[in-house]
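Note: the block below is input_16.cif and it holds mmCIF, C-alpha atoms.
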```cif
data_structure
loop_
_atom_site.group_PDB
_atom_site.id
_atom_site.type_symbol
_atom_site.label_atom_id
_atom_site.label_comp_id
_atom_site.auth_asym_id
_atom_site.auth_seq_id
_atom_site.Cartn_x
_atom_site.Cartn_y
_atom_site.Cartn_z
ATOM 1 C CA MET A 599 64.851 20.322 11.239
ATOM 2 C CA GLY A 600 67.447 19.811 13.942
ATOM 3 C CA ASN A 601 69.018 22.484 16.123
ATOM 4 C CA VAL A 602 66.522 25.280 15.407
ATOM 5 C CA LYS A 603 66.223 27.963 18.074
ATOM 6 C CA ILE A 604 63.846 30.925 18.203
ATOM 7 C CA THR A 605 64.743 33.792 20.523
ATOM 8 C CA PRO A 606 63.713 37.407 21.066
ATOM 9 C CA ILE A 607 65.571 39.835 18.791
ATOM 10 C CA LYS A 608 68.628 41.329 20.483
ATOM 11 C CA GLU A 609 70.624 44.408 19.558
ATOM 12 C CA GLU A 610 73.482 42.301 18.177
ATOM 13 C CA ASP A 611 71.095 40.606 15.709
ATOM 14 C CA TYR A 612 70.951 43.831 13.710
ATOM 15 C CA LYS A 613 74.308 43.084 12.086
ATOM 16 C CA PHE A 614 72.420 40.292 10.254
ATOM 17 C CA ILE A 615 68.983 41.879 9.938
ATOM 18 C CA ASN A 616 70.284 45.024 8.236
ATOM 19 C CA LYS A 617 72.325 42.911 5.787
ATOM 20 C CA TRP A 618 69.201 40.967 4.832
ATOM 21 C CA TRP A 619 67.429 44.203 3.849
ATOM 22 C CA LYS A 620 70.441 45.263 1.774
ATOM 23 C CA MET A 621 70.459 41.849 0.020
ATOM 24 C CA ILE A 622 66.994 42.569 -1.360
ATOM 25 C CA ASN A 623 67.887 46.181 -2.240
ATOM 26 C CA LYS A 624 65.600 47.719 0.353
ATOM 27 C CA LEU A 625 66.209 50.028 3.246
ATOM 28 C CA PRO A 626 65.461 48.538 6.648
ATOM 29 C CA PRO A 627 62.411 50.040 8.338
ATOM 30 C CA PRO A 628 63.369 52.861 10.713
ATOM 31 C CA ARG A 629 63.853 51.433 14.190
ATOM 32 C CA LYS A 630 61.505 54.015 15.699
ATOM 33 C CA LEU A 631 58.676 52.490 13.614
ATOM 34 C CA LEU A 632 59.353 49.001 14.950
ATOM 35 C CA PRO A 633 57.883 47.718 18.216
ATOM 36 C CA GLU A 634 60.100 48.484 21.210
ATOM 37 C CA ASN A 635 62.608 50.163 18.887
ATOM 38 C CA GLY A 636 63.106 46.915 16.977
ATOM 39 C CA LEU A 637 63.514 44.622 19.962
ATOM 40 C CA HIS A 638 59.980 43.220 20.150
ATOM 41 C CA GLY A 639 60.230 40.417 17.675
ATOM 42 C CA LEU A 640 61.635 36.967 17.161
ATOM 43 C CA ILE A 641 64.638 35.654 15.269
ATOM 44 C CA VAL A 642 65.182 32.051 14.241
ATOM 45 C CA TYR A 643 68.603 30.377 14.198
ATOM 46 C CA LYS A 644 69.589 27.022 12.783
ATOM 47 C CA GLU A 645 72.880 25.652 14.023
ATOM 48 C CA ASN A 646 73.677 29.125 15.415
ATOM 49 C CA LYS A 647 73.177 30.772 12.000
ATOM 50 C CA PRO A 648 70.422 33.413 11.832
ATOM 51 C CA ILE A 649 67.797 32.601 9.190
ATOM 52 C CA ALA A 650 64.890 35.052 9.590
ATOM 53 C CA CYS A 651 63.098 37.431 11.910
ATOM 54 C CA LEU A 652 59.757 39.159 12.323
ATOM 55 C CA TYR A 653 58.299 41.830 14.552
ATOM 56 C CA ILE A 654 55.313 41.528 16.869
ATOM 57 C CA TYR A 655 53.172 44.612 17.348
ATOM 58 C CA LEU A 656 51.006 44.580 20.460
ATOM 59 C CA THR A 657 47.885 46.715 20.445
ATOM 60 C CA ASN A 658 45.571 48.000 23.157
ATOM 61 C CA SER A 659 42.773 45.864 21.726
ATOM 62 C CA GLY A 660 42.281 42.131 21.343
ATOM 63 C CA PHE A 661 44.673 41.619 18.454
ATOM 64 C CA ALA A 662 48.388 41.698 17.786
ATOM 65 C CA TYR A 663 50.062 41.597 14.409
ATOM 66 C CA SER A 664 53.329 40.951 12.634
ATOM 67 C CA ASP A 665 55.034 42.897 9.904
ATOM 68 C CA TYR A 666 58.476 43.288 8.344
ATOM 69 C CA MET A 667 59.371 39.604 8.233
ATOM 70 C CA ILE A 668 62.797 39.317 6.604
ATOM 71 C CA SER A 669 65.129 36.405 5.967
ATOM 72 C CA ASP A 670 68.560 35.535 4.665
ATOM 73 C CA ILE A 671 67.923 35.039 0.932
ATOM 74 C CA HIS A 672 71.049 32.888 0.714
ATOM 75 C CA TYR A 673 69.604 30.244 3.035
ATOM 76 C CA LYS A 674 68.224 27.761 0.494
ATOM 77 C CA ASN A 675 68.053 24.500 2.476
ATOM 78 C CA LYS A 676 64.988 22.314 1.974
ATOM 79 C CA ASP A 677 63.797 23.104 5.498
ATOM 80 C CA ARG A 678 63.482 26.852 4.760
ATOM 81 C CA PHE A 679 59.676 26.715 4.332
ATOM 82 C CA ASN A 680 59.223 24.857 7.619
ATOM 83 C CA ILE A 681 61.678 27.037 9.556
ATOM 84 C CA LEU A 682 59.799 30.184 8.525
ATOM 85 C CA LEU A 683 56.510 28.442 9.294
ATOM 86 C CA LEU A 684 57.799 27.642 12.794
ATOM 87 C CA LEU A 685 58.797 31.290 13.299
ATOM 88 C CA MET A 686 55.306 32.426 12.322
ATOM 89 C CA GLN A 687 53.711 29.853 14.651
ATOM 90 C CA ARG A 688 55.879 31.055 17.534
ATOM 91 C CA ALA A 689 54.875 34.680 16.909
ATOM 92 C CA ILE A 690 51.203 33.720 17.017
ATOM 93 C CA GLN A 691 51.678 31.669 20.175
ATOM 94 C CA THR A 692 53.613 34.507 21.821
ATOM 95 C CA ALA A 693 50.680 36.869 21.248
ATOM 96 C CA PHE A 694 48.122 34.317 22.459
ATOM 97 C CA ASN A 695 50.209 33.674 25.588
ATOM 98 C CA LEU A 696 50.080 37.429 26.272
ATOM 99 C CA GLY A 697 46.272 37.317 26.197
ATOM 100 C CA PHE A 698 45.551 38.442 22.639
ATOM 101 C CA GLU A 699 42.678 36.714 20.861
ATOM 102 C CA ASP A 700 43.517 37.410 17.212
ATOM 103 C CA PHE A 701 46.768 37.651 15.307
ATOM 104 C CA TRP A 702 47.239 39.268 11.915
ATOM 105 C CA PHE A 703 50.072 39.153 9.397
ATOM 106 C CA MET A 704 50.595 42.050 7.010
ATOM 107 C CA THR A 705 52.112 40.912 3.716
ATOM 108 C CA LYS A 706 51.892 40.676 -0.018
ATOM 109 C CA ASP A 707 54.694 38.093 -0.135
ATOM 110 C CA LYS A 708 53.495 34.934 -1.887
ATOM 111 C CA GLY A 709 55.728 32.669 0.216
ATOM 112 C CA MET A 710 54.291 34.044 3.411
ATOM 113 C CA LEU A 711 50.765 33.644 2.034
ATOM 114 C CA LYS A 712 51.551 29.961 1.364
ATOM 115 C CA ARG A 713 52.731 29.557 4.933
ATOM 116 C CA CYS A 714 49.578 31.220 6.267
ATOM 117 C CA LYS A 715 47.486 28.785 4.223
ATOM 118 C CA ALA A 716 49.551 25.890 5.622
ATOM 119 C CA LEU A 717 48.687 27.106 9.136
ATOM 120 C CA GLY A 718 44.979 27.309 8.290
ATOM 121 C CA ILE A 719 44.948 31.098 8.661
ATOM 122 C CA ASN A 720 42.127 32.979 6.938
ATOM 123 C CA ILE A 721 43.390 35.086 4.044
ATOM 124 C CA SER A 722 41.284 37.903 2.707
ATOM 125 C CA GLU A 723 40.253 37.467 -0.907
ATOM 126 C CA ASP A 724 39.999 41.229 -1.327
ATOM 127 C CA PRO A 725 43.204 43.200 -1.746
ATOM 128 C CA TYR A 726 43.997 45.641 0.999
ATOM 129 C CA TYR A 727 45.887 48.849 0.560
ATOM 130 C CA LEU A 728 48.286 50.270 3.075
ATOM 131 C CA ILE A 729 47.373 53.906 3.462
ATOM 132 C CA CYS A 730 49.847 55.872 5.511
ATOM 133 C CA THR A 731 51.433 59.268 5.793
ATOM 134 C CA ALA A 732 54.531 60.575 7.487
ATOM 135 C CA LYS A 733 54.638 63.405 9.990
ATOM 136 C CA ASP A 734 56.348 65.661 7.439
ATOM 137 C CA ASN A 735 53.465 65.495 4.914
ATOM 138 C CA LYS A 736 52.961 69.157 3.914
ATOM 139 C CA ASN A 737 49.321 68.522 2.868
ATOM 140 C CA ILE A 738 48.261 67.721 6.419
ATOM 141 C CA LYS A 739 47.526 70.948 8.267
#
```
Would you write the structure of this file as structure tokens?
Amino acid sequence: MGNVKITPIKEEDYKFINKWWKMINKLPPPRKLLPENGLHGLIVYKENKPIACLYIYLTNSGFAYSDYMISDIHYKNKDRFNILLLLMQRAIQTAFNLGFEDFWFMTKDKGMLKRCKALGINISEDPYYLICTAKDNKNIK
């Protein structure tokens, strides 16, 4: 895979991250909903070109989790699968090094599910539903 580097996300990485969201016709998640205002995550570079990133949410219990993994859809090299796999492994190891005992990924992305299977991660057979509400929900009194 040669010259692959994984680093913490920095402010200047957002010039790439926000473009990746636009490439898939989605709005980036609001920074205030990301851990440490979007700076608690990892980004992977190959030959100084950013490829993908993910965010690591730390909890006050024994597990941490990742969400909002995004990548450059134009990066099509054969090592793409393995580069993203390496990023996921590093996120898990980061959480374990911080003392967490479990790590969860939140996704419905089939490619990410394949990578989880490749890592031997248990995948629920039952579908899960994300149930959330925003602060401005008028039905909550």
Can you pull out the residues contacting Lys613 (chain A)? Cut-off 12 Å, using all atoms listed in the file, and skip same-chain residues under 6 positions away; I want them as a ChimeraX atom specification. /A:607,619-620,626,648
Skip Asn658 (chain A) itself and residues of its chain fewer than 5 positions away, then list as an MDAnalysis selection string all residues within 12 Å of it, counting only C-alpha atoms. chainID A and resid 663 696:699
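Minimum atom-to-atom distances from A:Asn616, A:Ser659, A:Asn735, A:Asn680 to Lys712 (chain A) were compared using only C-alpha atoms, and the lowest value belongs to A:Asn680.
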Given the PyMOL selection byres ((chain A and resi 685) around 12) and the file above, list the residues it selects as a count of residues only. 40
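The spacing separating CA of Asn623 (chain A) from CA of Glu610 (chain A) amounts to 21.5 Å.
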Computed gap from CA of Glu609 (chain A) to CA of Lys630 (chain A) is 13.8 Å
Using all atoms listed in the file for the distances, tell me which of A:Asn646, A:His638, A:Lys733, A:Met704 is nearest to Asn601 (chain A). A:Asn646
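In this model, the gap between CA of Trp618 (chain A) and CA of Asp670 (chain A) comes to 5.5 Å.
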Evaluate the PyMOL selection byres ((chain A and resi 705) around 10) and record the selected residues as a PDB file with C-alpha atoms, keeping the file's coordinate frame, following the chain and residue labels used in the document.
```pdb
ATOM      1  CA  SER A 664      53.329  40.951  12.634  1.00  0.00           C
ATOM      2  CA  ASP A 665      55.034  42.897   9.904  1.00  0.00           C
ATOM      3  CA  TYR A 666      58.476  43.288   8.344  1.00  0.00           C
ATOM      4  CA  MET A 667      59.371  39.604   8.233  1.00  0.00           C
ATOM      5  CA  TRP A 702      47.239  39.268  11.915  1.00  0.00           C
ATOM      6  CA  PHE A 703      50.072  39.153   9.397  1.00  0.00           C
ATOM      7  CA  MET A 704      50.595  42.050   7.010  1.00  0.00           C
ATOM      8  CA  LYS A 706      51.892  40.676  -0.018  1.00  0.00           C
ATOM      9  CA  ASP A 707      54.694  38.093  -0.135  1.00  0.00           C
ATOM     10  CA  LYS A 708      53.495  34.934  -1.887  1.00  0.00           C
ATOM     11  CA  GLY A 709      55.728  32.669   0.216  1.00  0.00           C
ATOM     12  CA  MET A 710      54.291  34.044   3.411  1.00  0.00           C
ATOM     13  CA  LEU A 711      50.765  33.644   2.034  1.00  0.00           C
ATOM     14  CA  TYR A 726      43.997  45.641   0.999  1.00  0.00           C
TER      15      TYR A 726
END
```
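Ranking A:Leu637, A:Ile738, A:Ile671, A:Leu631 by their shortest atom-to-atom distance to Lys617 (chain A), with all atoms listed in the file included, puts A:Ile671 first.
In terms of minimum interatomic distance to Tyr673 (chain A), A:Lys647 ranks closest within A:Arg629, A:Lys647, A:Phe694, A:Tyr612, counting all atoms listed in the file.
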Could you list, as a list in words, every residue within 8 Å of Leu656 (chain A), counting all atoms listed in the file and ignoring same-chain residues fewer than 5 positions away? Pro633, Phe661, Ala662, Tyr663 and Ala693 of chain A
Can you sort out the box for region 735-739 of chain A, edges along x, y and z, all listed atoms in, 5 Å on every side, with centre and edge lengths in Å to one decimal, as JSON?
```
{"center_x": 50.5, "center_y": 68.2, "center_z": 5.6, "size_x": 15.9, "size_y": 15.5, "size_z": 15.4}
```
Counting all atoms listed in the file, which of A:Gly660, A:Pro627, A:Gly600, A:Gly636 gets nearest to Asp700 (chain A)? A:Gly660
With N, CA and C atoms as the goal, would you fill in the gaps in region 659-681 of chain A and present it as a PDB file, in the coordinates of the input?
```pdb
ATOM      1  N   SER A 659      44.039  46.558  21.970  1.00  0.00           N
ATOM      2  CA  SER A 659      42.773  45.864  21.726  1.00  0.00           C
ATOM      3  C   SER A 659      43.052  44.363  21.757  1.00  0.00           C
ATOM      4  N   GLY A 660      42.154  43.583  21.240  1.00  0.00           N
ATOM      5  CA  GLY A 660      42.281  42.131  21.343  1.00  0.00           C
ATOM      6  C   GLY A 660      43.135  41.465  20.286  1.00  0.00           C
ATOM      7  N   PHE A 661      43.835  42.270  19.456  1.00  0.00           N
ATOM      8  CA  PHE A 661      44.673  41.619  18.454  1.00  0.00           C
ATOM      9  C   PHE A 661      46.093  42.170  18.456  1.00  0.00           C
ATOM     10  N   ALA A 662      46.999  41.328  18.019  1.00  0.00           N
ATOM     11  CA  ALA A 662      48.388  41.698  17.786  1.00  0.00           C
ATOM     12  C   ALA A 662      48.671  41.370  16.324  1.00  0.00           C
ATOM     13  N   TYR A 663      49.752  41.906  15.801  1.00  0.00           N
ATOM     14  CA  TYR A 663      50.062  41.597  14.409  1.00  0.00           C
ATOM     15  C   TYR A 663      51.566  41.585  14.167  1.00  0.00           C
ATOM     16  N   SER A 664      51.934  41.030  13.027  1.00  0.00           N
ATOM     17  CA  SER A 664      53.329  40.951  12.634  1.00  0.00           C
ATOM     18  C   SER A 664      53.524  41.636  11.291  1.00  0.00           C
ATOM     19  N   ASP A 665      54.664  42.260  11.164  1.00  0.00           N
ATOM     20  CA  ASP A 665      55.034  42.897   9.904  1.00  0.00           C
ATOM     21  C   ASP A 665      56.556  42.866   9.796  1.00  0.00           C
ATOM     22  N   TYR A 666      57.044  43.200   8.622  1.00  0.00           N
ATOM     23  CA  TYR A 666      58.476  43.288   8.344  1.00  0.00           C
ATOM     24  C   TYR A 666      59.225  41.976   8.571  1.00  0.00           C
ATOM     25  N   MET A 667      58.630  40.868   8.181  1.00  0.00           N
ATOM     26  CA  MET A 667      59.371  39.604   8.233  1.00  0.00           C
ATOM     27  C   MET A 667      60.454  39.667   7.161  1.00  0.00           C
ATOM     28  N   ILE A 668      61.660  39.286   7.531  1.00  0.00           N
ATOM     29  CA  ILE A 668      62.797  39.317   6.604  1.00  0.00           C
ATOM     30  C   ILE A 668      63.652  38.085   6.855  1.00  0.00           C
ATOM     31  N   SER A 669      64.299  37.600   5.803  1.00  0.00           N
ATOM     32  CA  SER A 669      65.129  36.405   5.967  1.00  0.00           C
ATOM     33  C   SER A 669      66.400  36.527   5.135  1.00  0.00           C
ATOM     34  N   ASP A 670      67.314  35.639   5.418  1.00  0.00           N
ATOM     35  CA  ASP A 670      68.560  35.535   4.665  1.00  0.00           C
ATOM     36  C   ASP A 670      68.233  34.864   3.334  1.00  0.00           C
ATOM     37  N   ILE A 671      68.296  35.608   2.237  1.00  0.00           N
ATOM     38  CA  ILE A 671      67.923  35.039   0.932  1.00  0.00           C
ATOM     39  C   ILE A 671      68.900  33.968   0.460  1.00  0.00           C
ATOM     40  N   HIS A 672      70.069  33.901   1.098  1.00  0.00           N
ATOM     41  CA  HIS A 672      71.049  32.888   0.714  1.00  0.00           C
ATOM     42  C   HIS A 672      70.814  31.546   1.401  1.00  0.00           C
ATOM     43  N   TYR A 673      69.926  31.517   2.380  1.00  0.00           N
ATOM     44  CA  TYR A 673      69.604  30.244   3.035  1.00  0.00           C
ATOM     45  C   TYR A 673      68.595  29.520   2.152  1.00  0.00           C
ATOM     46  N   LYS A 674      69.050  28.460   1.488  1.00  0.00           N
ATOM     47  CA  LYS A 674      68.224  27.761   0.494  1.00  0.00           C
ATOM     48  C   LYS A 674      67.932  26.301   0.871  1.00  0.00           C
ATOM     49  N   ASN A 675      68.267  25.901   2.087  1.00  0.00           N
ATOM     50  CA  ASN A 675      68.053  24.500   2.476  1.00  0.00           C
ATOM     51  C   ASN A 675      66.587  24.113   2.338  1.00  0.00           C
ATOM     52  N   LYS A 676      66.349  22.819   2.181  1.00  0.00           N
ATOM     53  CA  LYS A 676      64.988  22.314   1.974  1.00  0.00           C
ATOM     54  C   LYS A 676      64.063  22.610   3.150  1.00  0.00           C
ATOM     55  N   ASP A 677      64.624  22.849   4.322  1.00  0.00           N
ATOM     56  CA  ASP A 677      63.797  23.104   5.498  1.00  0.00           C
ATOM     57  C   ASP A 677      63.405  24.584   5.642  1.00  0.00           C
ATOM     58  N   ARG A 678      63.774  25.407   4.682  1.00  0.00           N
ATOM     59  CA  ARG A 678      63.482  26.852   4.760  1.00  0.00           C
ATOM     60  C   ARG A 678      61.994  27.117   4.997  1.00  0.00           C
ATOM     61  N   PHE A 679      61.121  26.509   4.202  1.00  0.00           N
ATOM     62  CA  PHE A 679      59.676  26.715   4.332  1.00  0.00           C
ATOM     63  C   PHE A 679      59.230  26.420   5.763  1.00  0.00           C
ATOM     64  N   ASN A 680      59.656  25.274   6.279  1.00  0.00           N
ATOM     65  CA  ASN A 680      59.223  24.857   7.619  1.00  0.00           C
ATOM     66  C   ASN A 680      59.839  25.700   8.732  1.00  0.00           C
ATOM     67  N   ILE A 681      61.054  26.177   8.544  1.00  0.00           N
ATOM     68  CA  ILE A 681      61.678  27.037   9.556  1.00  0.00           C
ATOM     69  C   ILE A 681      60.915  28.360   9.656  1.00  0.00           C
TER      70      ILE A 681
END
```
